[in-house]
$ cat my_file_29.tsv   # TSV, C-alpha atoms and all ligand atoms
chain	number	residue	atom	x	y	z
X	1	MET	CA	10.51	-5.30	-10.05
X	2	ARG	CA	8.56	-6.54	-13.02
X	3	PHE	CA	5.78	-9.07	-12.41
X	4	GLU	CA	2.97	-10.71	-14.37
X	5	PRO	CA	-0.16	-8.57	-14.78
X	6	ARG	CA	-3.21	-10.09	-13.09
X	7	ASP	CA	-6.91	-9.45	-13.76
X	8	VAL	CA	-9.32	-9.52	-10.81
X	9	ARG	CA	-13.10	-9.16	-10.87
X	10	LEU	CA	-14.42	-6.47	-8.55
X	11	LYS	CA	-17.62	-6.60	-6.46
X	12	ASN	CA	-19.46	-4.60	-9.14
X	13	GLY	CA	-18.36	-7.03	-11.89
X	14	THR	CA	-15.75	-4.72	-13.45
X	15	VAL	CA	-12.32	-6.14	-14.25
X	16	CYS	CA	-9.31	-4.52	-12.58
X	17	THR	CA	-5.79	-5.18	-13.85
X	18	LEU	CA	-2.93	-5.23	-11.37
X	19	ARG	CA	0.32	-4.55	-13.21
X	20	PRO	CA	3.71	-2.94	-12.64
X	21	ALA	CA	3.64	0.86	-12.69
X	22	VAL	CA	5.79	1.95	-15.63
X	23	PRO	CA	7.49	5.29	-16.48
X	24	GLU	CA	4.68	6.00	-18.99
X	25	ASP	CA	2.29	6.20	-15.98
X	26	ALA	CA	4.16	9.21	-14.55
X	27	GLU	CA	1.57	11.85	-15.46
X	28	GLN	CA	-1.37	9.78	-14.16
X	29	MET	CA	0.65	8.92	-11.05
X	30	ILE	CA	1.29	12.57	-10.13
X	31	ALA	CA	-2.40	13.41	-10.66
X	32	TYR	CA	-3.37	10.38	-8.53
X	33	MET	CA	-1.05	11.45	-5.68
X	34	LYS	CA	-2.55	14.96	-5.70
X	35	GLN	CA	-6.10	13.57	-5.81
X	36	THR	CA	-5.66	11.04	-2.99
X	37	ALA	CA	-3.85	13.64	-0.86
X	38	ALA	CA	-6.93	15.88	-1.23
X	39	GLU	CA	-9.45	13.07	-0.68
X	40	THR	CA	-8.06	11.53	2.50
X	41	GLU	CA	-5.99	12.62	5.49
X	42	TYR	CA	-4.55	9.10	5.70
X	43	VAL	CA	-1.75	9.51	3.18
X	44	LEU	CA	1.44	11.22	4.30
X	45	ARG	CA	1.45	14.22	1.94
X	46	TYR	CA	-0.85	17.20	1.62
X	47	PRO	CA	-1.64	18.07	-2.04
X	48	ASP	CA	0.82	21.00	-2.05
X	49	GLU	CA	3.54	18.59	-0.93
X	50	VAL	CA	3.21	16.53	-4.13
X	51	ARG	CA	5.98	18.31	-6.00
X	52	PHE	CA	7.41	15.68	-8.34
X	53	THR	CA	8.13	16.85	-11.87
X	54	LEU	CA	7.19	14.54	-14.72
X	55	GLU	CA	10.86	13.75	-15.26
X	56	GLN	CA	11.50	12.94	-11.59
X	57	GLU	CA	8.44	10.70	-11.45
X	58	ARG	CA	9.49	8.87	-14.63
X	59	ASP	CA	12.94	8.26	-13.12
X	60	ILE	CA	11.46	6.97	-9.86
X	61	LEU	CA	9.15	4.55	-11.70
X	62	GLN	CA	12.02	3.38	-13.92
X	63	ARG	CA	14.25	2.74	-10.88
X	64	LEU	CA	11.48	0.89	-9.03
X	65	MET	CA	10.85	-1.33	-12.05
X	66	GLU	CA	14.52	-2.35	-12.04
X	67	ASP	CA	14.82	-2.72	-8.24
X	68	PRO	CA	14.62	-6.43	-7.28
X	69	GLN	CA	13.63	-5.43	-3.71
X	70	ALA	CA	10.66	-3.26	-4.66
X	71	VAL	CA	7.26	-3.62	-6.29
X	72	MET	CA	5.18	-0.66	-7.44
X	73	MET	CA	1.75	-2.02	-8.40
X	74	ALA	CA	-0.84	-0.03	-10.33
X	75	ALA	CA	-4.56	-0.93	-10.31
X	76	ILE	CA	-6.15	-0.10	-13.66
X	77	VAL	CA	-9.94	0.04	-14.12
X	78	ASN	CA	-11.35	0.90	-17.57
X	79	GLY	CA	-7.95	2.29	-18.58
X	80	GLN	CA	-7.78	4.61	-15.56
X	81	LEU	CA	-5.33	4.49	-12.66
X	82	ALA	CA	-7.57	3.61	-9.70
X	83	GLY	CA	-4.78	3.28	-7.18
X	84	ASN	CA	-1.35	2.18	-6.32
X	85	ALA	CA	0.26	-0.13	-3.77
X	86	SER	CA	3.88	-0.91	-3.10
X	87	ILE	CA	6.31	-2.97	-1.11
X	88	GLY	CA	9.91	-1.99	-0.60
X	89	GLY	CA	12.75	-3.75	1.18
X	90	LEU	CA	14.47	-2.05	4.10
X	91	GLY	CA	17.84	-2.51	2.44
X	92	PRO	CA	20.69	-5.00	2.13
X	93	LYS	CA	21.95	-4.95	5.75
X	94	ARG	CA	21.76	-8.53	7.04
X	95	LYS	CA	19.85	-7.61	10.24
X	96	VAL	CA	16.94	-6.05	8.36
X	97	ARG	CA	16.96	-7.53	4.87
X	98	HIS	CA	14.15	-9.96	5.84
X	99	ARG	CA	11.69	-7.05	6.11
X	100	CYS	CA	9.70	-5.04	3.60
X	101	SER	CA	7.23	-2.23	4.08
X	102	LEU	CA	3.78	-1.86	2.45
X	103	ALA	CA	1.86	1.23	1.35
X	104	ILE	CA	-1.48	1.56	-0.47
X	105	ALA	CA	-3.92	4.27	-1.54
X	106	LEU	CA	-6.85	4.28	-3.96
X	107	LYS	CA	-8.86	7.13	-5.43
X	108	ARG	CA	-12.01	7.50	-3.36
X	109	GLU	CA	-14.43	6.48	-6.12
X	110	TYR	CA	-12.77	3.03	-6.17
X	111	TRP	CA	-13.00	2.29	-2.43
X	112	GLY	CA	-15.03	-0.68	-1.22
X	113	GLN	CA	-14.82	-2.73	-4.42
X	114	GLY	CA	-12.21	-5.24	-3.25
X	115	ILE	CA	-9.21	-3.64	-4.99
X	116	GLY	CA	-7.32	-3.20	-1.69
X	117	THR	CA	-7.82	-6.87	-0.79
X	118	ALA	CA	-6.69	-8.02	-4.26
X	119	MET	CA	-3.59	-5.80	-4.24
X	120	ILE	CA	-2.45	-6.89	-0.78
X	121	SER	CA	-3.04	-10.53	-1.64
X	122	TYR	CA	-0.87	-10.23	-4.79
X	123	LEU	CA	1.80	-8.15	-3.00
X	124	THR	CA	1.97	-10.78	-0.24
X	125	GLU	CA	2.55	-13.48	-2.86
X	126	LEU	CA	5.31	-11.41	-4.51
X	127	ALA	CA	6.94	-10.54	-1.15
X	128	GLY	CA	7.22	-14.28	-0.41
X	129	GLN	CA	8.73	-14.95	-3.86
X	130	MET	CA	11.23	-12.12	-3.26
X	131	GLY	CA	12.40	-13.87	-0.09
X	132	PHE	CA	11.01	-11.47	2.52
X	133	ALA	CA	10.08	-13.02	5.87
X	134	GLN	CA	7.57	-10.36	6.87
X	135	ILE	CA	5.67	-7.29	5.72
X	136	ASP	CA	5.57	-4.26	8.03
X	137	LEU	CA	3.27	-1.26	7.83
X	138	GLU	CA	2.08	1.76	9.78
X	139	VAL	CA	-1.50	2.98	9.74
X	140	VAL	CA	-3.14	6.00	11.37
X	141	ALA	CA	-4.94	4.68	14.47
X	142	ASP	CA	-8.34	6.15	13.42
X	143	ASN	CA	-8.21	4.77	9.84
X	144	ALA	CA	-10.83	2.07	10.50
X	145	ARG	CA	-11.23	1.06	6.85
X	146	ALA	CA	-7.52	0.42	6.33
X	147	ILE	CA	-7.15	-1.39	9.66
X	148	ALA	CA	-10.11	-3.66	8.74
X	149	LEU	CA	-8.46	-4.38	5.38
X	150	TYR	CA	-5.10	-5.21	6.95
X	151	GLU	CA	-6.65	-7.47	9.62
X	152	LYS	CA	-8.67	-9.26	6.94
X	153	CYS	CA	-5.38	-9.83	5.05
X	154	GLY	CA	-3.70	-11.36	8.11
X	155	PHE	CA	-1.79	-8.41	9.59
X	156	LYS	CA	-1.52	-8.19	13.38
X	157	MET	CA	-1.11	-5.05	15.45
X	158	THR	CA	2.19	-5.08	17.35
X	159	GLY	CA	2.62	-1.53	18.59
X	160	ARG	CA	1.62	2.09	18.66
X	161	ARG	CA	3.65	5.19	17.83
X	162	VAL	CA	2.16	8.00	19.90
X	163	ARG	CA	1.62	11.40	18.17
X	164	ALA	CA	3.20	10.07	14.99
X	165	LEU	CA	1.36	12.65	12.89
X	166	ARG	CA	0.14	16.19	13.28
X	167	PHE	CA	-2.51	17.39	10.83
X	168	ASP	CA	-2.81	20.99	9.62
X	169	ASP	CA	-5.82	21.51	11.91
X	170	GLY	CA	-3.45	20.98	14.86
X	171	SER	CA	-4.78	17.52	15.81
X	172	TRP	CA	-2.35	14.78	16.86
X	173	HIS	CA	-2.73	11.19	15.58
X	174	ASP	CA	-1.17	7.97	16.76
X	175	GLU	CA	0.01	5.30	14.32
X	176	LEU	CA	-0.44	1.57	14.74
X	177	ILE	CA	2.42	-0.72	13.76
X	178	MET	CA	1.24	-3.90	12.03
X	179	VAL	CA	3.05	-6.93	10.68
X	180	LYS	CA	2.31	-10.02	8.62
X	181	LEU	CA	4.77	-12.89	9.02
X	182	LEU	CA	5.41	-14.83	5.81
X	183	THR	CA	7.61	-17.62	7.09
X	184	LYS	CA	6.67	-20.41	9.48
X	185	GLU	CA	9.58	-19.87	11.87
X	186	GLN	CA	8.14	-17.91	14.78
X	187	GLU	CA	11.40	-17.58	16.68
X	188	GLY	CA	11.75	-14.11	18.13
X	189	ALA	CA	8.18	-13.19	17.25
X	190	ASN	CA	5.65	-11.99	19.76
X	191	GLU	CA	3.61	-15.04	20.84
X	192	THR	CA	0.35	-13.40	19.72
X	193	LEU	CA	1.59	-13.59	16.11
P	201	LIG	C1	-7.71	1.68	2.82
P	201	LIG	C2	-8.02	1.34	1.36
P	201	LIG	C3	-6.72	1.00	0.63
P	201	LIG	C4	-8.95	0.11	1.36
P	201	LIG	O1	-9.09	-0.38	0.02
P	201	LIG	P1	-10.50	-0.95	-0.51
P	201	LIG	O2	-10.32	-1.41	-1.91
P	201	LIG	O3	-11.54	0.07	-0.25
P	201	LIG	O4	-10.68	-2.20	0.45
P	201	LIG	P2	-11.62	-3.46	0.16
P	201	LIG	O5	-12.77	-3.05	-0.71
P	201	LIG	O6	-10.76	-4.56	-0.33
P	201	LIG	O7	-12.20	-3.71	1.60
P	201	LIG	C5	-11.45	-4.33	2.58
P	201	LIG	C6	-12.23	-4.46	3.87
P	201	LIG	O8	-12.41	-3.18	4.47
P	201	LIG	C7	-13.52	-3.28	5.37
P	201	LIG	N1	-14.33	-2.08	5.22
P	201	LIG	C8	-14.93	-1.62	4.12
P	201	LIG	N2	-15.54	-0.46	4.40
P	201	LIG	C9	-15.29	-0.18	5.70
P	201	LIG	C10	-15.64	0.87	6.58
P	201	LIG	N3	-16.37	1.90	6.15
P	201	LIG	N4	-15.21	0.82	7.85
P	201	LIG	C11	-14.46	-0.20	8.28
P	201	LIG	N5	-14.10	-1.22	7.49
P	201	LIG	C12	-14.52	-1.22	6.22
P	201	LIG	C13	-14.26	-4.52	5.03
P	201	LIG	O9	-13.97	-5.47	6.04
P	201	LIG	C14	-13.66	-4.95	3.72
P	201	LIG	O10	-13.65	-6.32	3.60
P	201	LIG	P3	-14.90	-7.06	2.85
P	201	LIG	O11	-14.72	-6.72	1.40
P	201	LIG	O12	-14.65	-8.49	3.15
P	201	LIG	O13	-16.14	-6.53	3.44
P	201	LIG	C15	-8.75	2.52	0.63
P	201	LIG	O14	-9.93	2.80	1.34
P	201	LIG	C16	-7.89	3.78	0.55
P	201	LIG	O15	-7.17	3.95	-0.41
P	201	LIG	N6	-8.01	4.68	1.54
P	201	LIG	C17	-7.27	5.95	1.54
P	201	LIG	C18	-5.78	5.79	1.70
P	201	LIG	C19	-5.43	4.96	2.92
P	201	LIG	O16	-6.06	5.06	3.95
P	201	LIG	N7	-4.39	4.13	2.75
P	201	LIG	C20	-3.86	3.31	3.83
P	201	LIG	C21	-2.79	4.06	4.52
P	201	LIG	S1	-2.03	3.06	5.77
$ encode --input "my_file_29.tsv" --output "structure tokens" --more "lines below"
Ligand SMILES: CC(C)(COP(=O)(O)OP(=O)(O)OC[C@H]1O[C@@H](n2cnc3c(N)ncnc32)[C@H](O)[C@@H]1OP(=O)(O)O)[C@@H](O)C(=O)NCCC(=O)NCCS
Amino acid sequence: MRFEPRDVRLKNGTVCTLRPAVPEDAEQMIAYMKQTAAETEYVLRYPDEVRFTLEQERDILQRLMEDPQAVMMAAIVNGQLAGNASIGGLGPKRKVRHRCSLAIALKREYWGQGIGTAMISYLTELAGQMGFAQIDLEVVADNARAIALYEKCGFKMTGRRVRALRFDDGSWHDELIMVKLLTKEQEGANETL
């Protein structure tokens, strides 16, 4: 989906622009996926699993831009792609069409400047405008920085998927399931929400 670009001032005074990722970003996007996969264990892919060709990535970004149920948001600092965050609907089936799922990752040099907070705040606004009733996400249980960010942004932990991930070093990792409700009706929701 297309949306209005938004400038936010970071903790170090730099301006960061949040704007739709466009097909012209494809090359930077592939490099960013490889970099973040190498810098943190908390994204799903290992660097060798980032195998998109330029053409495939362009097509994906084009489709996402035209998809009314999806937002692919790029964070640009001094002309560079600092990170990316997205929401995507679970699909048109009536039982699940109220839900969307959130993902975010920044290059390491941009952590701790408030970009994550700004992106989730804008994505939450857009998810509400798109008619979603809640945002779901999964986070590795030992990813303290991401969990702190999500809690700060109003997400609540609702469950745990045991041994959701196995890293190359053989270690097992649980995932936490978190949700942020966007509508006032609490019917059916856990009372802690
Ligand atoms: C998780 C991630 C998106 C956070 O983005 P960010 O821009 O660094 O987050 P912010 O600067 O907005 O910080 C958000 C909060 O995190 C918390 N935080 C910061 N550093 C922390 C640390 N070392 N430990 C725990 N919490 C920390 C703070 O509460 C901060 O809020 P504050 O600004 O009010 O102090 C980013 O670190 C990242 O891309 N990590 C790698 C990929 C990843 O883990 N993605 C999530 C997968 S589910």
$ residues_around --input "my_file_29.tsv" --residues "region 159-168 of chain X" --least-positions-apart "6" --cutoff "10 Å" --atoms "all atoms listed in the file" --output "PyMOL selection string"
chain X and resi 41-42+44+46+138-141+174-179
$ axis_aligned_box --input "my_file_29.tsv" --around "ligand LIG 201 (chain P)" --padding-each-side "4 Å" --output "AutoDock Vina command-line options"
--center_x -9.2 --center_y -1.3 --center_z 3.2 --size_x 22.3 --size_y 22.4 --size_z 18.2
$ residues_around --input "my_file_29.tsv" --residues "region 119-121 of chain X" --least-positions-apart "3" --cutoff "8 Å" --atoms "all atoms listed in the file" --output "list of chain:residue names"
X:Leu18, X:Met73, X:Ala75, X:Ala85, X:Ile115, X:Gly116, X:Thr124, X:Glu125, X:Cys153
$ closest_residue --input "my_file_29.tsv" --among "X:Ala74, X:Met29, X:Ala37, X:Leu61" --to "ligand LIG 201 (chain P)" --atoms "only C-alpha atoms and all ligand atoms"
X:Ala37
$ atom_distance --input "my_file_29.tsv" --atom1 "atom C8 of ligand LIG 201 (chain P)" --atom2 "CA of Val15 (chain X)"
19.1 Å
$ build_atoms --input "my_file_29.tsv" --residues "region 81-116 of chain X" --atoms "N, CA and C atoms" --output "mmCIF file, in the coordinates of the input"
data_model
loop_
_atom_site.group_PDB
_atom_site.id
_atom_site.type_symbol
_atom_site.label_atom_id
_atom_site.label_comp_id
_atom_site.auth_asym_id
_atom_site.auth_seq_id
_atom_site.Cartn_x
_atom_site.Cartn_y
_atom_site.Cartn_z
ATOM 1 N N LEU X 81 -6.073 4.866 -13.869
ATOM 2 C CA LEU X 81 -5.330 4.490 -12.660
ATOM 3 C C LEU X 81 -6.244 4.678 -11.450
ATOM 4 N N ALA X 82 -6.658 3.545 -10.858
ATOM 5 C CA ALA X 82 -7.570 3.610 -9.700
ATOM 6 C C ALA X 82 -6.781 3.758 -8.407
ATOM 7 N N GLY X 83 -5.574 3.224 -8.399
ATOM 8 C CA GLY X 83 -4.780 3.280 -7.180
ATOM 9 C C GLY X 83 -3.437 2.624 -7.361
ATOM 10 N N ASN X 84 -2.728 2.617 -6.278
ATOM 11 C CA ASN X 84 -1.350 2.180 -6.320
ATOM 12 C C ASN X 84 -1.008 1.535 -4.971
ATOM 13 N N ALA X 85 -0.199 0.494 -5.017
ATOM 14 C CA ALA X 85 0.260 -0.130 -3.770
ATOM 15 C C ALA X 85 1.686 -0.583 -3.986
ATOM 16 N N SER X 86 2.462 -0.582 -2.913
ATOM 17 C CA SER X 86 3.880 -0.910 -3.100
ATOM 18 C C SER X 86 4.422 -1.690 -1.911
ATOM 19 N N ILE X 87 5.481 -2.438 -2.183
ATOM 20 C CA ILE X 87 6.310 -2.970 -1.110
ATOM 21 C C ILE X 87 7.757 -2.602 -1.442
ATOM 22 N N GLY X 88 8.509 -2.321 -0.399
ATOM 23 C CA GLY X 88 9.910 -1.990 -0.600
ATOM 24 C C GLY X 88 10.741 -2.590 0.512
ATOM 25 N N GLY X 89 11.861 -3.179 0.173
ATOM 26 C CA GLY X 89 12.750 -3.750 1.180
ATOM 27 C C GLY X 89 13.395 -2.664 2.015
ATOM 28 N N LEU X 90 13.812 -3.029 3.227
ATOM 29 C CA LEU X 90 14.470 -2.050 4.100
ATOM 30 C C LEU X 90 15.948 -1.868 3.759
ATOM 31 N N GLY X 91 16.443 -2.688 2.854
ATOM 32 C CA GLY X 91 17.840 -2.510 2.440
ATOM 33 C C GLY X 91 18.629 -3.793 2.629
ATOM 34 N N PRO X 92 19.905 -3.772 2.174
ATOM 35 C CA PRO X 92 20.690 -5.000 2.130
ATOM 36 C C PRO X 92 21.349 -5.416 3.442
ATOM 37 N N LYS X 93 21.276 -4.573 4.497
ATOM 38 C CA LYS X 93 21.950 -4.950 5.750
ATOM 39 C C LYS X 93 21.341 -6.242 6.280
ATOM 40 N N ARG X 94 22.223 -7.175 6.720
ATOM 41 C CA ARG X 94 21.760 -8.530 7.040
ATOM 42 C C ARG X 94 20.706 -8.552 8.142
ATOM 43 N N LYS X 95 20.792 -7.588 9.106
ATOM 44 C CA LYS X 95 19.850 -7.610 10.240
ATOM 45 C C LYS X 95 18.437 -7.209 9.840
ATOM 46 N N VAL X 96 18.281 -6.520 8.732
ATOM 47 C CA VAL X 96 16.940 -6.050 8.360
ATOM 48 C C VAL X 96 16.482 -6.493 6.973
ATOM 49 N N ARG X 97 17.306 -7.244 6.271
ATOM 50 C CA ARG X 97 16.960 -7.530 4.870
ATOM 51 C C ARG X 97 15.789 -8.514 4.743
ATOM 52 N N HIS X 98 15.310 -9.067 5.883
ATOM 53 C CA HIS X 98 14.150 -9.960 5.840
ATOM 54 C C HIS X 98 12.832 -9.189 5.817
ATOM 55 N N ARG X 99 12.912 -7.843 5.965
ATOM 56 C CA ARG X 99 11.690 -7.050 6.110
ATOM 57 C C ARG X 99 11.398 -6.189 4.884
ATOM 58 N N CYS X 100 10.099 -6.044 4.583
ATOM 59 C CA CYS X 100 9.700 -5.040 3.600
ATOM 60 C C CYS X 100 8.515 -4.265 4.169
ATOM 61 N N SER X 101 8.244 -3.130 3.567
ATOM 62 C CA SER X 101 7.230 -2.230 4.080
ATOM 63 C C SER X 101 6.164 -2.009 3.002
ATOM 64 N N LEU X 102 4.890 -1.950 3.419
ATOM 65 C CA LEU X 102 3.780 -1.860 2.450
ATOM 66 C C LEU X 102 3.071 -0.513 2.540
ATOM 67 N N ALA X 103 2.674 0.005 1.391
ATOM 68 C CA ALA X 103 1.860 1.230 1.350
ATOM 69 C C ALA X 103 0.787 1.067 0.276
ATOM 70 N N ILE X 104 -0.378 1.679 0.501
ATOM 71 C CA ILE X 104 -1.480 1.560 -0.470
ATOM 72 C C ILE X 104 -2.389 2.785 -0.380
ATOM 73 N N ALA X 105 -2.868 3.237 -1.521
ATOM 74 C CA ALA X 105 -3.920 4.270 -1.540
ATOM 75 C C ALA X 105 -4.668 4.182 -2.871
ATOM 76 N N LEU X 106 -5.984 4.301 -2.771
ATOM 77 C CA LEU X 106 -6.850 4.280 -3.960
ATOM 78 C C LEU X 106 -7.597 5.601 -4.052
ATOM 79 N N LYS X 107 -7.960 5.977 -5.273
ATOM 80 C CA LYS X 107 -8.860 7.130 -5.430
ATOM 81 C C LYS X 107 -10.186 6.764 -4.768
ATOM 82 N N ARG X 108 -10.827 7.757 -4.188
ATOM 83 C CA ARG X 108 -12.010 7.500 -3.360
ATOM 84 C C ARG X 108 -13.127 6.766 -4.097
ATOM 85 N N GLU X 109 -13.325 7.106 -5.374
ATOM 86 C CA GLU X 109 -14.430 6.480 -6.120
ATOM 87 C C GLU X 109 -14.239 4.967 -6.272
ATOM 88 N N TYR X 110 -13.035 4.468 -6.007
ATOM 89 C CA TYR X 110 -12.770 3.030 -6.170
ATOM 90 C C TYR X 110 -12.732 2.282 -4.835
ATOM 91 N N TRP X 111 -13.014 2.968 -3.721
ATOM 92 C CA TRP X 111 -13.000 2.290 -2.430
ATOM 93 C C TRP X 111 -14.153 1.281 -2.357
ATOM 94 N N GLY X 112 -13.946 0.251 -1.555
ATOM 95 C CA GLY X 112 -15.030 -0.680 -1.220
ATOM 96 C C GLY X 112 -15.383 -1.682 -2.302
ATOM 97 N N GLN X 113 -14.533 -1.788 -3.332
ATOM 98 C CA GLN X 113 -14.820 -2.730 -4.420
ATOM 99 C C GLN X 113 -13.952 -3.979 -4.367
ATOM 100 N N GLY X 114 -13.075 -4.063 -3.372
ATOM 101 C CA GLY X 114 -12.210 -5.240 -3.250
ATOM 102 C C GLY X 114 -10.828 -5.061 -3.858
ATOM 103 N N ILE X 115 -10.529 -3.863 -4.368
ATOM 104 C CA ILE X 115 -9.210 -3.640 -4.990
ATOM 105 C C ILE X 115 -8.100 -3.755 -3.941
ATOM 106 N N GLY X 116 -8.334 -3.156 -2.759
ATOM 107 C CA GLY X 116 -7.320 -3.200 -1.690
ATOM 108 C C GLY X 116 -6.992 -4.643 -1.322
#
